[in-house]
$ cat model.txt   # compact mmCIF, C-alpha atoms
# COMPACT_ATOMS: atom_id res chain seq x y z
CA MET G 2 6.94 17.11 0.44
CA ALA G 3 7.14 20.89 0.17
CA LEU G 4 6.78 23.38 -2.66
CA LYS G 5 9.42 25.85 -3.70
CA ASN G 6 8.44 29.47 -4.44
CA PHE G 7 10.53 31.97 -6.43
CA ARG G 8 11.10 35.69 -6.25
CA PRO G 9 9.26 37.41 -9.14
CA LEU G 10 12.42 38.59 -10.92
CA THR G 11 10.99 37.44 -14.27
CA PRO G 12 7.39 36.94 -15.46
CA SER G 13 7.90 33.16 -15.56
CA GLN G 14 8.99 33.08 -11.91
CA ARG G 15 6.10 35.17 -10.59
CA PHE G 16 3.62 32.29 -10.23
CA LYS G 17 6.04 29.40 -10.51
CA GLN G 18 5.79 26.69 -7.86
CA THR G 19 7.93 23.59 -8.19
CA PRO G 20 8.52 20.60 -5.90
CA ALA G 21 11.37 21.04 -3.42
CA TYR G 22 12.46 17.42 -3.99
CA ASP G 23 13.52 17.26 -0.34
CA GLU G 24 12.33 13.66 -0.10
CA VAL G 25 14.45 12.51 -3.08
CA THR G 26 17.69 10.86 -1.90
CA LYS G 27 19.15 9.48 -5.15
CA THR G 28 19.44 11.28 -8.48
CA LYS G 29 20.42 8.56 -10.97
CA PRO G 30 18.16 5.52 -11.46
CA GLU G 31 19.15 1.89 -10.97
CA LYS G 32 20.47 0.92 -14.40
CA SER G 33 19.18 -2.67 -14.28
CA LEU G 34 15.62 -1.40 -13.67
CA THR G 35 15.44 1.00 -16.62
CA GLU G 36 14.68 0.55 -20.30
CA PRO G 37 14.53 2.89 -23.33
CA LEU G 38 11.36 4.88 -23.89
CA LYS G 39 10.52 5.82 -27.48
CA LYS G 40 8.44 8.92 -28.06
CA THR G 41 5.56 8.61 -30.54
CA GLY G 42 4.58 12.26 -30.94
CA GLY G 43 0.97 11.05 -30.80
CA ARG G 44 1.37 9.05 -34.04
CA ASN G 45 0.52 5.40 -34.68
CA ASN G 46 2.53 2.78 -36.60
CA ASN G 47 1.39 4.32 -39.91
CA GLY G 48 2.68 7.75 -38.94
CA ARG G 49 -0.81 9.19 -38.63
CA LEU G 50 -1.69 11.57 -35.82
CA THR G 51 -4.07 9.73 -33.47
CA SER G 52 -3.58 11.71 -30.26
CA ARG G 53 -3.31 15.48 -30.51
CA HIS G 54 -1.21 17.89 -28.45
CA ILE G 55 1.69 15.47 -27.91
CA GLY G 56 5.26 16.14 -29.01
CA GLY G 57 8.73 17.23 -27.98
CA GLY G 58 9.67 16.88 -24.35
CA HIS G 59 12.81 15.86 -22.57
CA LYS G 60 14.38 12.48 -23.24
CA GLN G 61 13.46 9.92 -20.55
CA LYS G 62 14.13 6.35 -19.53
CA TYR G 63 11.35 4.16 -18.26
CA ARG G 64 11.65 2.85 -14.69
CA ILE G 65 10.30 -0.70 -14.32
CA ILE G 66 7.87 -0.62 -11.38
CA ASP G 67 6.79 -3.77 -9.54
CA PHE G 68 3.03 -3.21 -9.40
CA LYS G 69 2.44 -6.90 -8.61
CA ARG G 70 4.81 -7.06 -5.59
CA LYS G 71 5.95 -10.42 -6.96
CA ILE G 72 8.50 -11.17 -4.22
CA ARG G 73 6.42 -12.47 -1.31
CA ASP G 74 7.33 -13.06 2.34
CA VAL G 75 10.85 -11.64 1.89
CA ALA G 76 11.68 -8.42 3.75
CA ALA G 77 13.11 -5.52 1.79
CA THR G 78 14.93 -2.36 2.86
CA VAL G 79 14.15 1.01 1.29
CA GLU G 80 17.48 2.00 -0.24
CA ALA G 81 16.42 5.30 -1.82
CA ILE G 82 13.49 7.53 -2.77
CA GLU G 83 13.79 8.63 -6.41
CA TYR G 84 12.17 10.98 -8.89
CA ASP G 85 10.36 9.30 -11.79
CA PRO G 86 9.80 11.45 -14.90
CA ASN G 87 7.12 9.05 -16.15
CA ARG G 88 4.66 9.56 -13.27
CA SER G 89 3.59 12.12 -10.69
CA ALA G 90 4.45 9.89 -7.72
CA ARG G 91 7.92 9.26 -6.30
CA ILE G 92 9.34 5.74 -6.43
CA ALA G 93 11.23 3.74 -3.80
CA LEU G 94 14.18 1.47 -4.57
CA LEU G 95 13.94 -1.76 -2.56
CA HIS G 96 16.82 -4.13 -1.73
CA TYR G 97 15.50 -7.58 -0.78
CA ALA G 98 17.23 -9.97 1.58
CA ASN G 99 17.66 -12.43 -1.31
CA GLY G 100 19.68 -9.85 -3.28
CA GLU G 101 16.98 -8.69 -5.72
CA LYS G 102 16.16 -5.04 -6.41
CA THR G 103 12.81 -3.55 -7.45
CA TYR G 104 11.01 -0.23 -7.66
CA ILE G 105 7.64 0.40 -5.99
CA LEU G 106 5.47 3.52 -5.67
CA ALA G 107 6.66 5.45 -2.62
CA PRO G 108 3.80 5.91 -0.10
CA ASN G 109 3.53 9.03 2.00
CA GLY G 110 5.69 8.64 5.11
CA LEU G 111 8.02 5.94 3.77
CA HIS G 112 11.66 6.82 4.43
CA VAL G 113 15.08 5.41 3.63
CA GLY G 114 16.01 2.47 5.86
CA ALA G 115 12.42 1.37 6.47
CA LYS G 116 11.49 -2.30 6.09
CA VAL G 117 8.62 -3.38 3.81
CA ILE G 118 7.26 -6.80 2.92
CA ALA G 119 4.51 -8.35 0.80
CA GLY G 120 2.57 -11.48 1.75
CA ASP G 121 -0.74 -12.96 2.83
CA SER G 122 -0.19 -12.58 6.57
CA VAL G 123 2.12 -9.57 6.99
CA ALA G 124 1.40 -6.59 9.25
CA PRO G 125 -0.80 -3.86 7.68
CA GLU G 126 1.89 -1.15 7.90
CA ILE G 127 2.82 1.61 5.43
CA GLY G 128 4.44 0.16 2.31
CA ASN G 129 3.42 -3.45 3.02
CA ALA G 130 1.33 -5.25 0.40
CA LEU G 131 -1.28 -7.82 1.36
CA PRO G 132 -4.66 -9.14 0.17
CA LEU G 133 -7.77 -7.09 0.90
CA LYS G 134 -9.10 -9.84 3.20
CA SER G 135 -6.12 -9.23 5.55
CA ILE G 136 -6.33 -5.43 5.69
CA PRO G 137 -8.33 -3.82 8.57
CA LEU G 138 -11.54 -2.04 7.57
CA GLY G 139 -11.19 1.73 7.20
CA SER G 140 -7.55 1.48 6.10
CA VAL G 141 -6.11 3.83 3.48
CA ILE G 142 -4.68 1.84 0.55
CA HIS G 143 -3.20 2.38 -2.89
CA ASN G 144 -1.93 0.36 -5.89
CA VAL G 145 -5.06 -1.80 -5.68
CA GLU G 146 -5.56 -4.78 -7.98
CA ILE G 147 -8.92 -4.99 -9.77
CA ILE G 148 -8.31 -8.61 -10.77
CA PRO G 149 -6.13 -10.75 -8.46
CA GLY G 150 -2.68 -11.32 -9.91
CA ARG G 151 -2.93 -8.64 -12.60
CA GLY G 152 -1.05 -6.00 -10.62
CA GLY G 153 -2.16 -2.73 -9.08
CA GLN G 154 -4.30 -0.51 -11.31
CA VAL G 155 -6.18 1.79 -8.91
CA ALA G 156 -4.83 4.78 -6.92
CA ARG G 157 -1.33 5.04 -8.37
CA SER G 158 -0.80 8.76 -9.00
CA ALA G 159 0.54 11.34 -6.54
CA GLY G 160 -1.54 11.87 -3.41
CA GLN G 161 -4.22 9.32 -4.32
CA GLN G 162 -5.79 6.87 -1.92
CA ALA G 163 -8.61 4.36 -1.76
CA ILE G 164 -10.43 3.30 1.41
CA LEU G 165 -11.41 -0.25 2.35
CA THR G 166 -14.94 0.19 3.71
CA ASN G 167 -16.42 -3.31 4.10
CA ARG G 168 -16.24 -7.00 3.20
CA GLU G 169 -19.08 -9.32 2.20
CA GLY G 170 -19.48 -12.59 0.30
CA GLY G 171 -15.84 -12.99 -0.69
CA TYR G 172 -15.59 -9.40 -1.95
CA ALA G 173 -14.23 -6.21 -0.43
CA LEU G 174 -15.98 -2.87 -0.85
CA VAL G 175 -13.47 -0.20 -1.80
CA ARG G 176 -14.15 3.52 -2.11
CA MET G 177 -12.17 4.63 -5.15
CA PRO G 178 -10.35 8.00 -5.40
CA SER G 179 -13.22 9.16 -7.65
CA GLY G 180 -15.79 8.43 -4.90
CA GLU G 181 -17.15 5.31 -6.61
CA ILE G 182 -17.72 2.32 -4.33
CA ARG G 183 -16.74 -0.92 -6.04
CA ARG G 184 -16.59 -4.60 -5.16
CA ILE G 185 -13.15 -6.18 -5.59
CA HIS G 186 -12.28 -9.80 -4.87
CA GLU G 187 -10.83 -10.17 -1.38
CA ASN G 188 -7.75 -12.00 -2.72
CA ALA G 189 -6.68 -8.92 -4.70
CA TYR G 190 -3.55 -7.27 -3.34
CA ALA G 191 -3.22 -3.65 -2.24
CA THR G 192 -0.51 -1.60 -0.56
CA VAL G 193 -1.17 0.14 2.75
CA GLY G 194 -0.88 3.94 2.82
CA GLN G 195 -1.43 6.96 0.59
CA VAL G 196 0.69 7.61 -2.49
CA GLY G 197 3.38 10.20 -1.73
CA ASN G 198 4.13 13.58 -3.33
CA VAL G 199 0.80 14.90 -1.99
CA ASP G 200 1.45 18.52 -3.04
CA HIS G 201 1.80 17.63 -6.72
CA MET G 202 -1.65 19.09 -7.45
CA ASN G 203 -0.40 22.55 -6.35
CA VAL G 204 2.57 22.68 -8.74
CA SER G 205 2.48 25.63 -11.17
CA ASN G 206 4.71 25.49 -14.25
CA GLY G 207 5.02 29.25 -14.46
CA LYS G 208 5.64 29.39 -18.21
CA ALA G 209 4.60 27.66 -21.42
CA GLY G 210 8.10 26.36 -22.06
CA ARG G 211 8.05 24.13 -19.00
CA THR G 212 4.88 22.49 -20.30
CA ARG G 213 6.67 21.83 -23.61
CA TRP G 214 9.53 20.16 -21.70
CA LEU G 215 6.94 17.71 -20.39
CA GLY G 216 5.94 16.78 -23.95
CA ARG G 217 2.65 18.68 -24.12
CA ARG G 218 2.02 20.82 -27.21
CA PRO G 219 -0.44 23.75 -27.27
CA HIS G 220 -4.12 22.88 -26.93
CA VAL G 221 -6.14 25.17 -29.20
CA ARG G 222 -9.87 25.77 -28.66
CA GLY G 223 -12.17 24.75 -31.49
CA MET G 224 -14.08 28.04 -31.30
CA VAL G 225 -11.06 30.03 -32.53
CA MET G 226 -10.39 27.73 -35.49
CA ASN G 227 -11.65 28.04 -39.06
CA PRO G 228 -14.79 26.13 -40.13
CA ILE G 229 -12.71 23.65 -42.11
CA ASP G 230 -10.72 22.71 -39.00
CA HIS G 231 -13.50 22.34 -36.41
CA PRO G 232 -17.32 22.20 -36.33
CA MET G 233 -17.35 25.10 -33.86
CA GLY G 234 -15.01 27.29 -35.90
CA GLY G 235 -15.81 30.37 -37.96
CA GLY G 236 -18.36 33.12 -37.45
CA GLN G 237 -18.03 36.84 -36.94
CA GLY G 238 -16.29 37.45 -33.65
CA LYS G 239 -16.87 35.02 -30.81
CA SER G 240 -19.65 32.71 -31.96
CA LYS G 241 -20.62 29.27 -30.78
CA GLY G 242 -20.16 27.41 -34.03
CA GLY G 243 -20.16 29.53 -37.17
CA GLY G 244 -22.74 32.15 -36.35
CA GLY G 245 -25.50 29.94 -34.88
CA ARG G 246 -25.85 28.33 -31.43
CA HIS G 247 -24.03 25.05 -31.52
CA HIS G 248 -23.65 22.52 -28.74
CA PRO G 249 -19.97 21.94 -27.88
CA VAL G 250 -18.58 19.02 -29.88
CA SER G 251 -15.25 17.36 -30.59
CA PRO G 252 -13.49 17.92 -33.94
CA TRP G 253 -15.29 14.78 -35.16
CA GLY G 254 -18.73 15.93 -34.09
CA GLN G 255 -19.23 13.96 -30.86
CA LEU G 256 -21.04 15.92 -28.14
CA ALA G 257 -18.60 17.17 -25.52
CA LYS G 258 -21.01 17.86 -22.64
CA GLY G 259 -23.53 15.45 -21.16
CA PHE G 260 -23.11 12.73 -23.78
CA LYS G 261 -22.49 9.37 -22.10
CA THR G 262 -19.56 7.52 -23.65
CA ARG G 263 -19.46 4.54 -21.26
CA ARG G 264 -20.60 1.31 -22.91
CA LYS G 265 -23.97 -0.01 -21.71
CA HIS G 266 -24.22 -3.50 -20.16
CA LYS G 267 -20.55 -3.60 -19.24
CA PRO G 268 -19.56 -6.74 -17.26
CA SER G 269 -18.17 -4.58 -14.43
CA ASP G 270 -21.59 -2.94 -13.86
CA ALA G 271 -22.46 -5.69 -11.38
CA LEU G 272 -19.39 -4.81 -9.28
CA ILE G 273 -20.14 -1.10 -8.93
CA ILE G 274 -22.18 -0.44 -5.78
CA GLU G 275 -22.31 3.35 -5.92
CA ARG G 276 -21.51 5.50 -8.95
CA ARG G 277 -19.02 8.33 -8.96
CA LYS G 278 -21.80 10.71 -9.92
CA ALA G 279 -25.10 10.22 -8.09
CA LYS G 280 -28.12 10.03 -10.39
CA LYS G 281 -30.44 13.03 -10.22
CA LYS G 282 -33.72 12.25 -8.52
CA ALA G 283 -36.84 12.64 -10.64
CA ARG G 284 -39.10 15.44 -9.46
$ encode --input "model.txt" --output "structure tokens"
Amino acid sequence: MALKNFRPLTPSQRFKQTPAYDEVTKTKPEKSLTEPLKKTGGRNNNGRLTSRHIGGGHKQKYRIIDFKRKIRDVAATVEAIEYDPNRSARIALLHYANGEKTYILAPNGLHVGAKVIAGDSVAPEIGNALPLKSIPLGSVIHNVEIIPGRGGQVARSAGQQAILTNREGGYALVRMPSGEIRRIHENAYATVGQVGNVDHMNVSNGKAGRTRWLGRRPHVRGMVMNPIDHPMGGGQGKSKGGGGRHHPVSPWGQLAKGFKTRRKHKPSDALIIERRKAKKKAR
């Protein structure tokens, strides 16, 4: 995947960098694999705003992705690589030998005409899905199941990858994209390869309007609000919370820096071998 640069004829084009879409081979989605997508505007079923900075955006249809790779031991041909407005990764349209069609996340290097297959004893090649016990150690994987049969939940966005590092006692040790090392049951499925659209992290919208097209409304800092709107608002000039030093907090008063929000004694604690952030050693 490449990025497209623009001549600075207007201020919005000066720093704009968009995907070249050179890997996309089909513009319209498969109709049988789409469904309507209703926008909430960040509001719940009572009409109350529960998630800020959401609203507007272009109309979209949801593409149904097969995260479980439900069709096993049947070869499929990659019919097309498509753009998906609902995610950062590209998706691949598969035509199975039995006549079925599905979408999967398109790994880096997968091209139209390639053959992919899912099963317990298939070859560990790009795009193939198989259990962690059948994947060679050191392999790059994505769309990893945390619980066998639930479907892939880890490493699904553009350019992400996990690494299978070891196996012991019926569990595989997987290094997550965050750097955390976690035990996952060896019967859990994963897809070989790195998620495509690797340059997504370098995309620059170039103007505020493009961000609004994506459904993101302006995000206003609490420090520039009035005291009635935010605990850090008010004061004469730039002040950290109404004239006195105030630790950064959310609009509802929860500490924004350093405060641990993860629940203690979580059942998954026993499965985490190495944390994403190493604990500081006591001096």
$ closest_residue --input "model.txt" --among "G:Arg64, G:Glu24, G:Pro30, G:Asn99" --to "His112 of chain G" --atoms "all atoms listed in the file"
G:Glu24
$ closest_atom_pairs --input "model.txt" --of "segment 108-173 of chain G" --to "segment 267-273 of chain G" --cutoff "12 Å" --atoms "only C-alpha atoms" --output "Markdown table"
| residue | atom | partner | partner_atom | distance |
| --- | --- | --- | --- | --- |
| G:Ile147 | CA | G:Ser269 | CA | 10.4 |
| G:Ile148 | CA | G:Ser269 | CA | 11.3 |
| G:Tyr172 | CA | G:Leu272 | CA | 9.4 |
| G:Ala173 | CA | G:Leu272 | CA | 10.3 |
$ residues_around --input "model.txt" --residues "Met224 of chain G" --least-positions-apart "2" --cutoff "8 Å" --atoms "all atoms listed in the file" --output "PyMOL selection string"
chain G and resi 222+226+231+233-235+239-242
$ residues_around --input "model.txt" --residues "Val75 of chain G" --least-positions-apart "5" --cutoff "8 Å" --atoms "only C-alpha atoms" --output "short mmCIF file (atom, residue, chain, number, x, y, z; two decimals) with C-alpha atoms, in the frame of the given file"
data_model
loop_
_atom_site.label_atom_id
_atom_site.label_comp_id
_atom_site.auth_asym_id
_atom_site.auth_seq_id
_atom_site.Cartn_x
_atom_site.Cartn_y
_atom_site.Cartn_z
CA TYR G 97 15.50 -7.58 -0.78
CA ALA G 98 17.23 -9.97 1.58
CA ASN G 99 17.66 -12.43 -1.31
CA ILE G 118 7.26 -6.80 2.92
CA ALA G 119 4.51 -8.35 0.80
#
$ residues_near_point --input "model.txt" --point "(10.2, 8.7, -29.9)" --cutoff "10 Å" --atoms "all atoms listed in the file" --output "number ranges by chain"
G: 37-44, 56-58, 60-61
$ atom_distance --input "model.txt" --atom1 "atom CA of Arg263 of chain G" --atom2 "atom CA of Ser158 of chain G"
22.7 Å
$ atom_distance --input "model.txt" --atom1 "atom CA of Gly180 of chain G" --atom2 "atom CA of Ile274 of chain G"
11.0 Å
$ closest_residue --input "model.txt" --among "G:Val225, G:Val193, G:Ala21, G:Ala159" --to "Ser89 of chain G" --atoms "only C-alpha atoms"
G:Ala159
$ closest_residue --input "model.txt" --among "G:Ala90, G:Val196, G:Ile66, G:Ala279" --to "Ile182 of chain G" --atoms "only C-alpha atoms"
G:Ala279
$ closest_residue --input "model.txt" --among "G:Leu256, G:Val250, G:Ala81, G:Val204" --to "Leu106 of chain G" --atoms "all atoms listed in the file"
G:Ala81
$ closest_residue --input "model.txt" --among "G:Thr19, G:Asn109, G:Thr51, G:His247" --to "Arg211 of chain G" --atoms "all atoms listed in the file"
G:Thr19
$ build_atoms --input "model.txt" --residues "segment 6-39 of chain G" --atoms "N, CA and C atoms" --output "PDB file, keeping the file's coordinate frame"
ATOM      1  N   ASN G   6       8.891  28.226  -3.819  1.00  0.00           N
ATOM      2  CA  ASN G   6       8.440  29.470  -4.440  1.00  0.00           C
ATOM      3  C   ASN G   6       9.654  30.286  -4.887  1.00  0.00           C
ATOM      4  N   PHE G   7       9.438  31.187  -5.854  1.00  0.00           N
ATOM      5  CA  PHE G   7      10.530  31.970  -6.430  1.00  0.00           C
ATOM      6  C   PHE G   7      10.225  33.462  -6.312  1.00  0.00           C
ATOM      7  N   ARG G   8      11.266  34.237  -6.210  1.00  0.00           N
ATOM      8  CA  ARG G   8      11.100  35.690  -6.250  1.00  0.00           C
ATOM      9  C   ARG G   8      10.697  36.096  -7.664  1.00  0.00           C
ATOM     10  N   PRO G   9       9.770  37.057  -7.807  1.00  0.00           N
ATOM     11  CA  PRO G   9       9.260  37.410  -9.140  1.00  0.00           C
ATOM     12  C   PRO G   9      10.223  38.306  -9.922  1.00  0.00           C
ATOM     13  N   LEU G  10      11.439  37.808 -10.162  1.00  0.00           N
ATOM     14  CA  LEU G  10      12.420  38.590 -10.920  1.00  0.00           C
ATOM     15  C   LEU G  10      12.111  38.576 -12.409  1.00  0.00           C
ATOM     16  N   THR G  11      11.411  37.529 -12.868  1.00  0.00           N
ATOM     17  CA  THR G  11      10.990  37.440 -14.270  1.00  0.00           C
ATOM     18  C   THR G  11       9.513  37.052 -14.295  1.00  0.00           C
ATOM     19  N   PRO G  12       8.805  37.321 -15.409  1.00  0.00           N
ATOM     20  CA  PRO G  12       7.390  36.940 -15.460  1.00  0.00           C
ATOM     21  C   PRO G  12       7.160  35.449 -15.244  1.00  0.00           C
ATOM     22  N   SER G  13       8.089  34.611 -15.697  1.00  0.00           N
ATOM     23  CA  SER G  13       7.900  33.160 -15.560  1.00  0.00           C
ATOM     24  C   SER G  13       8.072  32.695 -14.113  1.00  0.00           C
ATOM     25  N   GLN G  14       8.780  33.485 -13.298  1.00  0.00           N
ATOM     26  CA  GLN G  14       8.990  33.080 -11.910  1.00  0.00           C
ATOM     27  C   GLN G  14       7.934  33.622 -10.958  1.00  0.00           C
ATOM     28  N   ARG G  15       7.069  34.508 -11.466  1.00  0.00           N
ATOM     29  CA  ARG G  15       6.100  35.170 -10.590  1.00  0.00           C
ATOM     30  C   ARG G  15       5.137  34.175  -9.952  1.00  0.00           C
ATOM     31  N   PHE G  16       4.595  33.255 -10.748  1.00  0.00           N
ATOM     32  CA  PHE G  16       3.620  32.290 -10.230  1.00  0.00           C
ATOM     33  C   PHE G  16       4.155  30.872 -10.210  1.00  0.00           C
ATOM     34  N   LYS G  17       5.444  30.732 -10.429  1.00  0.00           N
ATOM     35  CA  LYS G  17       6.040  29.400 -10.510  1.00  0.00           C
ATOM     36  C   LYS G  17       6.127  28.747  -9.139  1.00  0.00           C
ATOM     37  N   GLN G  18       5.672  27.511  -9.074  1.00  0.00           N
ATOM     38  CA  GLN G  18       5.790  26.690  -7.860  1.00  0.00           C
ATOM     39  C   GLN G  18       6.246  25.308  -8.280  1.00  0.00           C
ATOM     40  N   THR G  19       7.401  24.897  -7.817  1.00  0.00           N
ATOM     41  CA  THR G  19       7.930  23.590  -8.190  1.00  0.00           C
ATOM     42  C   THR G  19       8.159  22.753  -6.928  1.00  0.00           C
ATOM     43  N   PRO G  20       8.227  21.429  -7.071  1.00  0.00           N
ATOM     44  CA  PRO G  20       8.520  20.600  -5.900  1.00  0.00           C
ATOM     45  C   PRO G  20       9.905  20.913  -5.343  1.00  0.00           C
ATOM     46  N   ALA G  21      10.069  20.800  -4.045  1.00  0.00           N
ATOM     47  CA  ALA G  21      11.370  21.040  -3.420  1.00  0.00           C
ATOM     48  C   ALA G  21      12.284  19.826  -3.527  1.00  0.00           C
ATOM     49  N   TYR G  22      11.698  18.670  -3.836  1.00  0.00           N
ATOM     50  CA  TYR G  22      12.460  17.420  -3.990  1.00  0.00           C
ATOM     51  C   TYR G  22      13.257  17.090  -2.722  1.00  0.00           C
ATOM     52  N   ASP G  23      12.776  17.526  -1.567  1.00  0.00           N
ATOM     53  CA  ASP G  23      13.520  17.260  -0.340  1.00  0.00           C
ATOM     54  C   ASP G  23      13.448  15.799   0.085  1.00  0.00           C
ATOM     55  N   GLU G  24      12.444  15.068  -0.460  1.00  0.00           N
ATOM     56  CA  GLU G  24      12.330  13.660  -0.100  1.00  0.00           C
ATOM     57  C   GLU G  24      13.175  12.751  -1.008  1.00  0.00           C
ATOM     58  N   VAL G  25      13.659  13.307  -2.126  1.00  0.00           N
ATOM     59  CA  VAL G  25      14.450  12.510  -3.080  1.00  0.00           C
ATOM     60  C   VAL G  25      15.874  12.364  -2.543  1.00  0.00           C
ATOM     61  N   THR G  26      16.370  11.118  -2.476  1.00  0.00           N
ATOM     62  CA  THR G  26      17.690  10.860  -1.900  1.00  0.00           C
ATOM     63  C   THR G  26      18.693  10.335  -2.918  1.00  0.00           C
ATOM     64  N   LYS G  27      18.244  10.042  -4.131  1.00  0.00           N
ATOM     65  CA  LYS G  27      19.150   9.480  -5.150  1.00  0.00           C
ATOM     66  C   LYS G  27      18.758  10.063  -6.492  1.00  0.00           C
ATOM     67  N   THR G  28      19.752  10.565  -7.244  1.00  0.00           N
ATOM     68  CA  THR G  28      19.440  11.280  -8.480  1.00  0.00           C
ATOM     69  C   THR G  28      19.443  10.381  -9.711  1.00  0.00           C
ATOM     70  N   LYS G  29      20.346   9.429  -9.786  1.00  0.00           N
ATOM     71  CA  LYS G  29      20.420   8.560 -10.970  1.00  0.00           C
ATOM     72  C   LYS G  29      19.690   7.247 -10.704  1.00  0.00           C
ATOM     73  N   PRO G  30      18.922   6.741 -11.688  1.00  0.00           N
ATOM     74  CA  PRO G  30      18.160   5.520 -11.460  1.00  0.00           C
ATOM     75  C   PRO G  30      19.041   4.268 -11.447  1.00  0.00           C
ATOM     76  N   GLU G  31      18.478   3.190 -10.934  1.00  0.00           N
ATOM     77  CA  GLU G  31      19.150   1.890 -10.970  1.00  0.00           C
ATOM     78  C   GLU G  31      19.149   1.395 -12.407  1.00  0.00           C
ATOM     79  N   LYS G  32      20.345   1.204 -12.972  1.00  0.00           N
ATOM     80  CA  LYS G  32      20.470   0.920 -14.400  1.00  0.00           C
ATOM     81  C   LYS G  32      19.753  -0.362 -14.813  1.00  0.00           C
ATOM     82  N   SER G  33      19.788  -1.381 -13.941  1.00  0.00           N
ATOM     83  CA  SER G  33      19.180  -2.670 -14.280  1.00  0.00           C
ATOM     84  C   SER G  33      17.653  -2.606 -14.296  1.00  0.00           C
ATOM     85  N   LEU G  34      17.075  -1.531 -13.738  1.00  0.00           N
ATOM     86  CA  LEU G  34      15.620  -1.400 -13.670  1.00  0.00           C
ATOM     87  C   LEU G  34      15.085  -0.332 -14.614  1.00  0.00           C
ATOM     88  N   THR G  35      15.882   0.019 -15.631  1.00  0.00           N
ATOM     89  CA  THR G  35      15.440   1.000 -16.620  1.00  0.00           C
ATOM     90  C   THR G  35      15.451   0.384 -18.013  1.00  0.00           C
ATOM     91  N   GLU G  36      14.679   0.970 -18.895  1.00  0.00           N
ATOM     92  CA  GLU G  36      14.680   0.550 -20.300  1.00  0.00           C
ATOM     93  C   GLU G  36      14.371   1.760 -21.171  1.00  0.00           C
ATOM     94  N   PRO G  37      14.756   1.723 -22.460  1.00  0.00           N
ATOM     95  CA  PRO G  37      14.530   2.890 -23.330  1.00  0.00           C
ATOM     96  C   PRO G  37      13.044   3.182 -23.499  1.00  0.00           C
ATOM     97  N   LEU G  38      12.739   4.452 -23.686  1.00  0.00           N
ATOM     98  CA  LEU G  38      11.360   4.880 -23.890  1.00  0.00           C
ATOM     99  C   LEU G  38      11.298   5.696 -25.174  1.00  0.00           C
ATOM    100  N   LYS G  39      10.603   5.166 -26.169  1.00  0.00           N
ATOM    101  CA  LYS G  39      10.520   5.820 -27.480  1.00  0.00           C
ATOM    102  C   LYS G  39       9.318   6.756 -27.504  1.00  0.00           C
TER     103      LYS G  39
END
